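> Questions regarding the structure given below will be posed in turn.
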Amino acid sequence: MLPMPGPGAVARARPRASRDRWWGLAAVAPALLIAGLVVVGGIGMSVAQSVGLVPLVGEAAFTLDAYLANGDELLTGLGLSLAIATASTVLSCVIGLTAAIIITQGRSTGRLVAALSALTIPVPHLVGAASVGLLIADSGLIPRVLGIAPTAWPDLVGGPWWVAVVLEYTWKESAFVALVVAGVLATRVARYDETAALLGASRARRLWHVVIPLAKPAVIVSAVIIFVYTLGSYEVAWLLGRPYPEPLPVLAFRLFNSITLTSRPEAAAVAVVTTLVSLIAVAIGMALLRRTPLWK
Amino acid sequence: MSASLSLDALTKVFDDASRPAVDAVSFSVAPGECLAILGPSGSGKSTVLRSIAGLDVPSAGRILVDGADVAGLAPERRGMAMVFQRPLLFPHLSVLDNVAFAATVAGQPKREARADATQFLELVQLAGFGPRPVTALSGGQEQRVALARALAARPRVLLLDEPFSALDPELRSDMHELLAAIRAQVAPTVVMVTHDRDEAAIVADRVALLKGGRLLQHDTVERLYTRPVSLDVARLMGGRIEVPGTVRDGIHVSAIGEVPAADGETWAEGAGVLVVRHEAIQVVAARASAPEGFVAVDVVVAERTPRGPRAELALAVTDQAADAPAGSVDSPRLTAEVPASRPLAIGERATALIPRSACTVVAG
């Protein structure tokens, strides 16, 4: 005869579940502590510094002077950073999604695209930025190979449209999108694609009605990651952009390294604004994600 | 919605495979007929279905729908719809939009497509489920929606790839009834793959039995059970009685005695194995005489296995039991089923009545 749970079984199960939960929490506590210290501590320190509560010299006093000291540059930088991040995110998602669809077709072209994407991921952005500069600057490899004079070559590096910066981000991040989305699609898209085909959907209709909707959550998550990264990344914009106007992270870094000690709170203010925009972007992304039927 | 389908020497050899997955399979399905492709795992039945659908490209042979070869036609242009073992409902669409999918992708306005889909949801007895997300459905409901979605595409041939095998027996039985109701209403041509011979018997008009990529027999369900063309067919259909012997002048002579062919039956002369369904064997009191059309064999109960409300008996032929110990693997045995309440114990003598009309002889 099988043992049957007695009336006390539920009562006994409850403390055990509670104990398991505490064990689980204790197991992740070290990781939570480190992440919490960095995120909360870093943001808290920046906020405190930006409002004058942690001055390098003088008395601590609450003030918003740091936010107002570079008001114009802060606004221009914010607009520029948003434009660079938006352009890079949109282009990366479009190209990455296309690449992911090609990868999941399972043909030799797909394998080539997957290999290229995988090779792109480990290259650091700094190396990527240097390479893009060497390739498409007016004195770069491409105009030389094509025999175009520097004066006839458009200002891609350091130009008014920040083309090289967006290009570098797009190159790296589209590979990221491709692999993330392909990973999601590979596990589910083939059978749904067959089902849709047997219901009379052409290749284009299948793409529009099945593949893209199935890829949507992965694309949204990737887009949020890319947007936040490109908004806060310093080195690519610094290397390939023009000296003025400065995107937020370049402005923050310059102020942070300034010999004027009073610039520290201003650098912190720029960092806080950047963080705030990033958090808003994450919130919008999560709201979009929750609205997708697949998330439910 | 009902087209005829013919397969003419369909062959499929996968890359790097030593033998064909499907080897020159030919059969035809009449409009409105339901054919079950039955076979064990690896028999090539799903490959046949995928080839018909256009999901696999055949290595040789032809697939004709209403007499026209569909070779080279993409799956979306063949006018087939398929229901798989998993329902594969599009997770980003509601129940109604799933059923309306075929009309939507055909360019029909959304309102019309949904109105059309509503009828098919009613057909599968899920009226009112339209606005629900597919995640809110049970396994059986999901498969009903998948069926409605396939039917809403108005396929010329409806393909079912073991669609009910993941459901529990009660749900499966409901789905069989539903399929029968759908067939009565819209009479689609159906080709269904299954490894369950009971399901094939319930659902299909005819069965194509496959083994190792080869078609063993294409026949009505009843004939597959009672008139198998080979020992393989008899075994795959669950036959348990095989009596080797020799046919002389239309009479099978073996350890169980002489069994004459039933009227209208002709058996090939020479060595042959007599096969008969164990369900046809009657077990009566010992030394009973055979009524007209039956052959009586004196037996002793060698084994008794409970099968729920029935009991399965292994019956050793009495003469032979004297020579060979009960349970000897070499001795031909009869198998019969009796109600569990019948007190036939091991060692008890009885008479097995074999109806001549249920016997057939196949090559050994």
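Identifiers in this document derive from the order of the structure tokens: chains are assigned A, B, ..., residues are numbered from 1 separately in each chain, and ligands are numbered from 1 in order of occurrence.
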Near range 283-298 of chain B, counting only C-alpha atoms, which residues have an atom at most 9 Å away, once you skip same-chain residues fewer than 6 positions from it, shown as a PyMOL selection string?
chain B and resi 256-260+262+316-319+336-338+348-357
> Please produce, as CSV, a per-residue contact table for range 94-151 of chain A versus range 189-204 of chain A (criterion: any atom at most 12 Å away, only C-alpha atoms considered), showing the nearest atom pair and its distance in Å to one decimal, sorted by chain then residue number.

residue,atom,partner,partner_atom,distance
A:Ala100,CA,A:Val189,CA,11.2
A:Ile101,CA,A:Val189,CA,9.5
A:Ile103,CA,A:Val189,CA,11.6
A:Thr104,CA,A:Val189,CA,8.1
A:Gln105,CA,A:Ala190,CA,8.4
A:Gly106,CA,A:Ala190,CA,9.8
> If you keep N, CA and C atoms, can you produce a file of those selected residues as a short mmCIF file (atom, residue, chain, number, x, y, z; two decimals), in the first residue's frame?

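Listing of result-v7.cif after writing:
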data_model
loop_
_atom_site.label_atom_id
_atom_site.label_comp_id
_atom_site.auth_asym_id
_atom_site.auth_seq_id
_atom_site.Cartn_x
_atom_site.Cartn_y
_atom_site.Cartn_z
N ALA A 100 19.47 37.23 -37.72
CA ALA A 100 18.94 36.09 -36.95
C ALA A 100 18.03 35.22 -37.82
N ILE A 101 17.23 35.88 -38.63
CA ILE A 101 16.32 35.13 -39.51
C ILE A 101 17.13 34.32 -40.52
N ILE A 103 20.19 33.27 -40.04
CA ILE A 103 20.86 32.19 -39.29
C ILE A 103 19.91 31.01 -39.08
N THR A 104 18.66 31.32 -38.72
CA THR A 104 17.73 30.23 -38.38
C THR A 104 17.20 29.49 -39.62
N GLN A 105 17.50 30.00 -40.81
CA GLN A 105 17.08 29.26 -42.01
C GLN A 105 17.88 27.97 -42.15
N GLY A 106 19.05 27.92 -41.45
CA GLY A 106 19.84 26.69 -41.41
C GLY A 106 20.64 26.38 -42.66
#
> Hey, what's within 7 Å of range 25-37 of chain B if we count only C-alpha atoms and toss same-chain stuff fewer than 5 positions away? As a list in words, please?
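Final neighbour list, sorted by chain and number: Ser2, Ala3, Ser4, Leu5, Ser6, Leu7, Asp8, Ala9, Leu10, Thr11, Lys45, Ala187, Pro188, Thr189, Val190, Val191, Met192, Val193, Thr194, Ala200, Ala204, Asp205, Arg206, Val207, Ala208, Leu209, Arg214 and Leu215 of chain B.
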> What's the 7 Å shell around range 157-165 of chain A, counting only C-alpha atoms, without same-chain residues fewer than 4 positions away, as an NGL selection string?
:A and (132-133 or 137 or 169 or 236-237 or 240-242)
> Go ahead and write the selection's residues with N, CA and C atoms as a PDB file, in the first residue's frame.

ATOM      1  N   VAL A 132      37.306  50.983 -36.959  1.00  0.00           N
ATOM      2  CA  VAL A 132      36.381  51.766 -37.781  1.00  0.00           C
ATOM      3  C   VAL A 132      37.043  53.076 -38.196  1.00  0.00           C
ATOM      4  N   GLY A 133      37.763  53.697 -37.239  1.00  0.00           N
ATOM      5  CA  GLY A 133      38.479  54.953 -37.538  1.00  0.00           C
ATOM      6  C   GLY A 133      39.500  54.748 -38.643  1.00  0.00           C
ATOM      7  N   ALA A 137      37.950  56.808 -41.862  1.00  0.00           N
ATOM      8  CA  ALA A 137      38.362  58.215 -41.739  1.00  0.00           C
ATOM      9  C   ALA A 137      38.744  58.720 -43.134  1.00  0.00           C
ATOM     10  N   TYR A 169      28.865  51.094 -33.175  1.00  0.00           N
ATOM     11  CA  TYR A 169      27.879  50.481 -32.274  1.00  0.00           C
ATOM     12  C   TYR A 169      27.005  49.475 -33.036  1.00  0.00           C
ATOM     13  N   VAL A 236      33.906  54.963 -27.456  1.00  0.00           N
ATOM     14  CA  VAL A 236      33.669  55.022 -28.908  1.00  0.00           C
ATOM     15  C   VAL A 236      33.350  56.455 -29.338  1.00  0.00           C
ATOM     16  N   ALA A 237      32.463  57.104 -28.562  1.00  0.00           N
ATOM     17  CA  ALA A 237      32.110  58.498 -28.892  1.00  0.00           C
ATOM     18  C   ALA A 237      33.316  59.413 -28.739  1.00  0.00           C
ATOM     19  N   LEU A 240      35.771  58.489 -31.891  1.00  0.00           N
ATOM     20  CA  LEU A 240      35.288  58.690 -33.265  1.00  0.00           C
ATOM     21  C   LEU A 240      34.414  59.934 -33.432  1.00  0.00           C
ATOM     22  N   GLY A 241      34.052  60.562 -32.289  1.00  0.00           N
ATOM     23  CA  GLY A 241      33.163  61.720 -32.384  1.00  0.00           C
ATOM     24  C   GLY A 241      33.937  63.020 -32.516  1.00  0.00           C
ATOM     25  N   ARG A 242      33.196  64.114 -32.591  1.00  0.00           N
ATOM     26  CA  ARG A 242      33.861  65.417 -32.663  1.00  0.00           C
ATOM     27  C   ARG A 242      33.989  65.992 -31.245  1.00  0.00           C
TER      28      ARG A 242
END
> For the atom pair CA of Arg240 in chain B and CA of Leu334 in chain B, what is the interatomic distance in Å to one decimal place?
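It comes out at 7.9 Å.
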> Please determine the contact residues of chain B with respect to chain A at a cut-off of 12 Å, counting only C-alpha atoms, and supply them as a count of residues only.
60
> Which residue, A:Ala175, A:Val228, A:Leu289, A:Leu82, has the smallest gap to Ala114 in chain A when you use only C-alpha atoms?
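Closest candidate: A:Ala175.
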> Just the alpha helix (DSSP H) stuff from range 130-264 of chain B, please, per backbone DSSP, written as an mmCIF file with C-alpha atoms, in the first residue's frame.

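The new file out-v9.cif reads:
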data_model
loop_
_atom_site.group_PDB
_atom_site.id
_atom_site.type_symbol
_atom_site.label_atom_id
_atom_site.label_comp_id
_atom_site.auth_asym_id
_atom_site.auth_seq_id
_atom_site.Cartn_x
_atom_site.Cartn_y
_atom_site.Cartn_z
ATOM 1 C CA GLY B 139 -4.212 20.166 -23.623
ATOM 2 C CA GLY B 140 -7.431 18.856 -25.144
ATOM 3 C CA GLN B 141 -8.740 22.349 -25.867
ATOM 4 C CA GLU B 142 -5.442 23.294 -27.519
ATOM 5 C CA GLN B 143 -5.707 20.320 -29.849
ATOM 6 C CA ARG B 144 -9.321 21.217 -30.678
ATOM 7 C CA VAL B 145 -8.202 24.746 -31.579
ATOM 8 C CA ALA B 146 -5.406 23.294 -33.718
ATOM 9 C CA LEU B 147 -8.006 21.160 -35.503
ATOM 10 C CA ALA B 148 -10.316 24.163 -35.975
ATOM 11 C CA ARG B 149 -7.401 26.216 -37.319
ATOM 12 C CA ALA B 150 -6.531 23.501 -39.819
ATOM 13 C CA LEU B 151 -10.145 23.064 -40.929
ATOM 14 C CA ALA B 152 -10.615 26.833 -41.286
ATOM 15 C CA PRO B 169 -7.317 8.212 -22.886
ATOM 16 C CA GLU B 170 -10.555 10.015 -22.008
ATOM 17 C CA LEU B 171 -9.607 13.153 -23.952
ATOM 18 C CA ARG B 172 -8.416 10.998 -26.832
ATOM 19 C CA SER B 173 -11.767 9.298 -26.932
ATOM 20 C CA ASP B 174 -13.490 12.722 -26.983
ATOM 21 C CA MET B 175 -11.277 13.779 -29.873
ATOM 22 C CA HIS B 176 -12.154 10.627 -31.806
ATOM 23 C CA GLU B 177 -15.835 11.455 -31.412
ATOM 24 C CA LEU B 178 -15.154 15.044 -32.448
ATOM 25 C CA LEU B 179 -13.302 13.895 -35.548
ATOM 26 C CA ALA B 180 -16.206 11.606 -36.446
ATOM 27 C CA ALA B 181 -18.624 14.532 -36.020
ATOM 28 C CA ILE B 182 -16.452 16.781 -38.197
ATOM 29 C CA ARG B 183 -16.255 14.084 -40.863
ATOM 30 C CA ALA B 184 -20.021 13.784 -40.811
ATOM 31 C CA GLN B 185 -20.423 17.566 -41.242
ATOM 32 C CA VAL B 186 -17.686 18.646 -43.631
ATOM 33 C CA ARG B 197 -3.956 0.401 -34.018
ATOM 34 C CA ASP B 198 -7.019 0.923 -31.826
ATOM 35 C CA GLU B 199 -7.080 4.579 -32.832
ATOM 36 C CA ALA B 200 -6.688 3.614 -36.488
ATOM 37 C CA ALA B 201 -9.571 1.165 -36.113
ATOM 38 C CA ILE B 202 -11.825 3.796 -34.524
ATOM 39 C CA VAL B 203 -11.019 6.724 -36.789
ATOM 40 C CA VAL B 221 -9.455 -2.064 -40.821
ATOM 41 C CA GLU B 222 -11.416 -5.294 -40.576
ATOM 42 C CA ARG B 223 -9.410 -7.077 -43.273
ATOM 43 C CA LEU B 224 -6.125 -5.982 -41.697
ATOM 44 C CA TYR B 225 -7.197 -7.737 -38.535
ATOM 45 C CA THR B 226 -8.792 -10.794 -40.091
ATOM 46 C CA LEU B 231 3.051 -12.665 -40.653
ATOM 47 C CA ASP B 232 4.456 -9.131 -40.180
ATOM 48 C CA VAL B 233 0.988 -7.645 -40.686
ATOM 49 C CA ALA B 234 -0.589 -10.130 -38.295
ATOM 50 C CA ARG B 235 2.014 -9.359 -35.638
ATOM 51 C CA LEU B 236 1.808 -5.560 -36.108
#
> I'd like the neighbourhood of Val273 in chain A as a PyMOL selection string, where a residue qualifies if any of its atoms comes within 12 Å (using only C-alpha atoms), though same-chain residues fewer than 3 positions away should be ignored.
chain A and resi 43+46-47+50+66-67+71+74-75+77-79+81-82+231-232+247-249+251-252+266-270+276-280
> Take the selection from the previous step and output its residues with N, CA, C and O atoms, as a short mmCIF file (atom, residue, chain, number, x, y, z; two decimals), in the first residue's frame.

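And here is the file that came out, selection10.cif:
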data_model
loop_
_atom_site.label_atom_id
_atom_site.label_comp_id
_atom_site.auth_asym_id
_atom_site.auth_seq_id
_atom_site.Cartn_x
_atom_site.Cartn_y
_atom_site.Cartn_z
N ILE A 43 25.23 54.58 -7.50
CA ILE A 43 24.22 55.61 -7.81
C ILE A 43 24.05 56.55 -6.61
O ILE A 43 24.01 57.78 -6.75
N SER A 46 26.93 58.95 -6.38
CA SER A 46 26.87 59.96 -7.44
C SER A 46 25.80 61.01 -7.10
O SER A 46 26.03 62.21 -7.26
N VAL A 47 24.64 60.54 -6.65
CA VAL A 47 23.55 61.48 -6.31
C VAL A 47 24.02 62.39 -5.17
O VAL A 47 23.87 63.62 -5.23
N SER A 50 26.50 64.81 -6.44
CA SER A 50 25.94 65.80 -7.37
C SER A 50 25.13 66.88 -6.65
O SER A 50 24.97 67.98 -7.16
N ALA A 66 25.39 71.92 -9.27
CA ALA A 66 26.11 71.05 -10.21
C ALA A 66 25.28 70.74 -11.44
O ALA A 66 25.82 70.54 -12.54
N TYR A 67 23.96 70.69 -11.27
CA TYR A 67 23.07 70.38 -12.40
C TYR A 67 22.90 71.61 -13.29
O TYR A 67 22.64 71.48 -14.48
N GLY A 71 24.31 73.66 -17.72
CA GLY A 71 22.95 73.41 -18.18
C GLY A 71 22.84 73.22 -19.67
O GLY A 71 22.28 72.22 -20.15
N LEU A 74 24.69 70.14 -20.84
CA LEU A 74 23.96 68.95 -20.37
C LEU A 74 22.78 68.64 -21.29
O LEU A 74 22.59 67.48 -21.70
N LEU A 75 22.04 69.67 -21.67
CA LEU A 75 20.88 69.47 -22.54
C LEU A 75 21.30 69.02 -23.94
O LEU A 75 20.73 68.08 -24.52
N GLY A 77 24.14 67.60 -24.74
CA GLY A 77 24.71 66.25 -24.60
C GLY A 77 23.61 65.20 -24.49
O GLY A 77 23.72 64.11 -25.07
N LEU A 78 22.57 65.57 -23.75
CA LEU A 78 21.46 64.63 -23.59
C LEU A 78 20.80 64.33 -24.93
O LEU A 78 20.59 63.16 -25.28
N GLY A 79 20.53 65.40 -25.72
CA GLY A 79 19.93 65.23 -27.04
C GLY A 79 20.81 64.39 -27.94
O GLY A 79 20.34 63.45 -28.61
N SER A 81 23.26 62.27 -27.05
CA SER A 81 23.36 60.88 -26.56
C SER A 81 22.11 60.08 -26.93
O SER A 81 22.21 58.92 -27.33
N LEU A 82 20.95 60.73 -26.76
CA LEU A 82 19.70 60.04 -27.11
C LEU A 82 19.67 59.71 -28.60
O LEU A 82 19.24 58.62 -29.00
N LEU A 231 24.08 54.61 -24.60
CA LEU A 231 23.85 55.90 -23.93
C LEU A 231 24.96 56.19 -22.93
O LEU A 231 25.39 57.34 -22.79
N GLY A 232 25.44 55.17 -22.27
CA GLY A 232 26.43 55.39 -21.22
C GLY A 232 27.85 55.10 -21.62
O GLY A 232 28.77 55.29 -20.83
N PRO A 247 28.67 64.01 -26.11
CA PRO A 247 27.62 63.16 -25.53
C PRO A 247 27.80 63.09 -24.01
O PRO A 247 28.91 63.35 -23.50
N LEU A 248 26.78 62.72 -23.28
CA LEU A 248 26.80 62.74 -21.81
C LEU A 248 28.01 62.02 -21.19
O LEU A 248 28.68 62.59 -20.33
N PRO A 249 28.29 60.77 -21.61
CA PRO A 249 29.41 60.09 -20.94
C PRO A 249 30.75 60.79 -21.18
O PRO A 249 31.60 60.80 -20.29
N LEU A 251 31.14 64.02 -21.69
CA LEU A 251 31.09 65.22 -20.85
C LEU A 251 31.38 64.87 -19.39
O LEU A 251 32.19 65.54 -18.73
N ALA A 252 30.76 63.79 -18.92
CA ALA A 252 30.95 63.37 -17.52
C ALA A 252 32.41 63.02 -17.27
O ALA A 252 32.99 63.42 -16.25
N GLU A 266 29.74 68.24 -10.73
CA GLU A 266 29.12 68.43 -12.05
C GLU A 266 29.20 67.13 -12.86
O GLU A 266 28.24 66.75 -13.54
N ALA A 267 30.34 66.45 -12.77
CA ALA A 267 30.49 65.15 -13.44
C ALA A 267 29.47 64.16 -12.88
O ALA A 267 28.81 63.41 -13.63
N ALA A 268 29.31 64.21 -11.55
CA ALA A 268 28.34 63.31 -10.91
C ALA A 268 26.93 63.65 -11.37
O ALA A 268 26.10 62.74 -11.60
N ALA A 269 26.63 64.95 -11.55
CA ALA A 269 25.29 65.36 -12.01
C ALA A 269 25.01 64.80 -13.40
O ALA A 269 23.92 64.29 -13.68
N VAL A 270 26.03 64.87 -14.29
CA VAL A 270 25.86 64.32 -15.65
C VAL A 270 25.64 62.81 -15.57
O VAL A 270 24.78 62.25 -16.26
N LEU A 276 19.48 58.23 -14.95
CA LEU A 276 18.03 58.44 -14.91
C LEU A 276 17.40 58.09 -16.27
O LEU A 276 16.39 57.39 -16.35
N VAL A 277 18.04 58.59 -17.33
CA VAL A 277 17.52 58.30 -18.68
C VAL A 277 17.57 56.79 -18.94
O VAL A 277 16.64 56.21 -19.51
N SER A 278 18.65 56.16 -18.51
CA SER A 278 18.78 54.70 -18.70
C SER A 278 17.67 53.96 -17.97
O SER A 278 17.07 53.03 -18.52
N LEU A 279 17.40 54.39 -16.74
CA LEU A 279 16.35 53.73 -15.97
C LEU A 279 14.98 53.91 -16.63
O LEU A 279 14.16 52.99 -16.65
N ILE A 280 14.76 55.12 -17.19
CA ILE A 280 13.49 55.36 -17.90
C ILE A 280 13.40 54.43 -19.11
O ILE A 280 12.36 53.83 -19.38
#
> Taking the chain letters and numbering used in this document, name the residues of range 71-270 of chain B that DSSP puts in strand (DSSP E), as a PyMOL selection string.
chain B and resi 80-83+157-161+189-194+206-211+214-220+241-248+251-254+257-260+270
> Between B:Ala17, B:Val301, B:Ala166, B:Ala363, which is the closest to Glu269 in chain B once you count only C-alpha atoms?
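Distance minimum relative to Glu269 in chain B lands on B:Ala363.
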> Applying 10 Å and only C-alpha atoms, which residues near Leu288 in chain A remain after dropping the ones on its own chain fewer than 5 positions away? List them as a list in words.
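Here the answer would be Lys216, Pro217, Ile220, Val221, Val282, Ala283 and Trp295 of chain A.
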> Leaving out Cys93 in chain A and any residue of its chain fewer than 4 positions from it, which residues lie within 8 Å of it when counting only C-alpha atoms, given as a count of residues only?
7
> Of the residues B:Val253, B:Ala314, B:Val229, B:Ile63, which is the one nearest to Ile281 in chain B, using only C-alpha atoms?
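Nearest candidate to Ile281 in chain B out of B:Val253, B:Ala314, B:Val229, B:Ile63: B:Ala314.
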